[in-house]
Structure formats: structure tokens, C-alpha cells
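Structure first, then comments.
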Amino acid sequence: TRGYTVLETRQDAGGYRLRLFNEGRHYPEIILYLDSGFFLKRAELVKRDGSIDTFAIGNISTTSAIMPGMFNFDVPAGAQRVNNPLNIQ
């Protein structure tokens with residue numbers, strides 16, 4: 001969502017809706033639907049011609065066990081590790 005401006009935020013019992021806009025992009029409008037825990041449920045990408053590409057995500061489990069080694073990541077040399085993004089030094 002880099003370069004987009006937030007046009008609208010809305011909260012209801014089901015979660016949140018964010019409406020983003022950038023006239024210069026292939027998708028000038030993006031609408032994100034998040035649940036109450038801020039997990040992405042659906043994204044609507046609106047093209048300049050008004051057509052919409054929709055992506056929906058479901059059956060997410062946050063309690064499933066993850067096997068060791070499923071995600072292997074080595075921090076690149078010289079990278080800065082940030083534990084709290086609000087306190088970057």
C-alpha cells in the first residue's frame with residue numbers, strides 16, 4: 001500500500017474497512033477488509049476502468065502448530081533488527 005492515501009476507515013462488529021487511493025497506480029483504489037484481530041479477510045483492487053479484482057481469505061487458524069523448519073530465514077548481513085517499530089534507533 002506504499003504511496004496510497006487513506007480515504008476512509010470504517011469499523012463495525014465484523015471488523016474494519018480501509019479504503020485507499022492513488023490515482024497514478026494500475027489499481028487506483030484498494031479496499032481492505034480486516035477482521036477484529038486485523039487479519040486480512042478480503043481485498044478489492046479497483047482498476048481504472050472500474051472493474052474489480054477480489055481476493056478472499058478464509059479458514060485461517062491461529063492455533064495450529066507450525067513444524068520447526070517450516071520457515072527458515074537468515075537475516076542478511078548489515079540488516080538492522082527492530083523489536084519495536086515505534087522505537088527505531
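By convention here, the chains of the C-alpha cells are called A, B, ... in the order presented, each chain's residues are numbered starting at 1, and ligands are numbered starting at 1 in the order presented.
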
Excluding Arg10 (chain A) and residues on its chain fewer than 4 positions from it, collect all residues at most 12 Å away from it, counting only C-alpha atoms, and give them as a ChimeraX atom specification. /A:6,14-19,31-36

Any chance you can output those residues with C-alpha atoms as a tab-separated table (two decimals), in the first residue's frame?
chain	number	residue	atom	x	y	z
A	6	VAL	CA	-6.36	6.53	3.16
A	14	GLY	CA	-17.30	-7.63	11.88
A	15	GLY	CA	-14.03	-5.71	11.82
A	16	TYR	CA	-12.53	-2.90	9.77
A	17	ARG	CA	-12.65	-1.49	6.26
A	18	LEU	CA	-9.86	0.64	4.80
A	19	ARG	CA	-10.27	2.46	1.50
A	31	ILE	CA	-10.40	-1.65	-0.32
A	32	LEU	CA	-9.18	-3.89	2.51
A	33	TYR	CA	-11.49	-5.77	4.87
A	34	LEU	CA	-9.93	-6.86	8.17
A	35	ASP	CA	-11.43	-8.88	10.98
A	36	SER	CA	-11.44	-7.63	14.59

Can you tell me, as a PyMOL selection string, what residues are no more than 8 Å from Ile30 (chain A) when counting only C-alpha atoms, ignoring any on the same chain fewer than 3 positions away? chain A and resi 19-21+27+43-46

Closest of A:Gly3, A:Gly58, A:Gly37, A:Gly69 to Glu23 (chain A) - atom-to-atom distances counting only C-alpha atoms: A:Gly3

Test item: residues at most 10 Å from Arg25 (chain A), only C-alpha atoms, excluding those fewer than 3 positions along its chain, as a VMD selection string: chain A and resid 3 to 4 21 to 22 28 to 29 47 to 48

If you run DSSP on the backbone here, which positions in chain A get strand (DSSP E)? Please write them as an MDAnalysis selection string. chainID A and resid 5:12 15:21 29:34 40:46 52:56
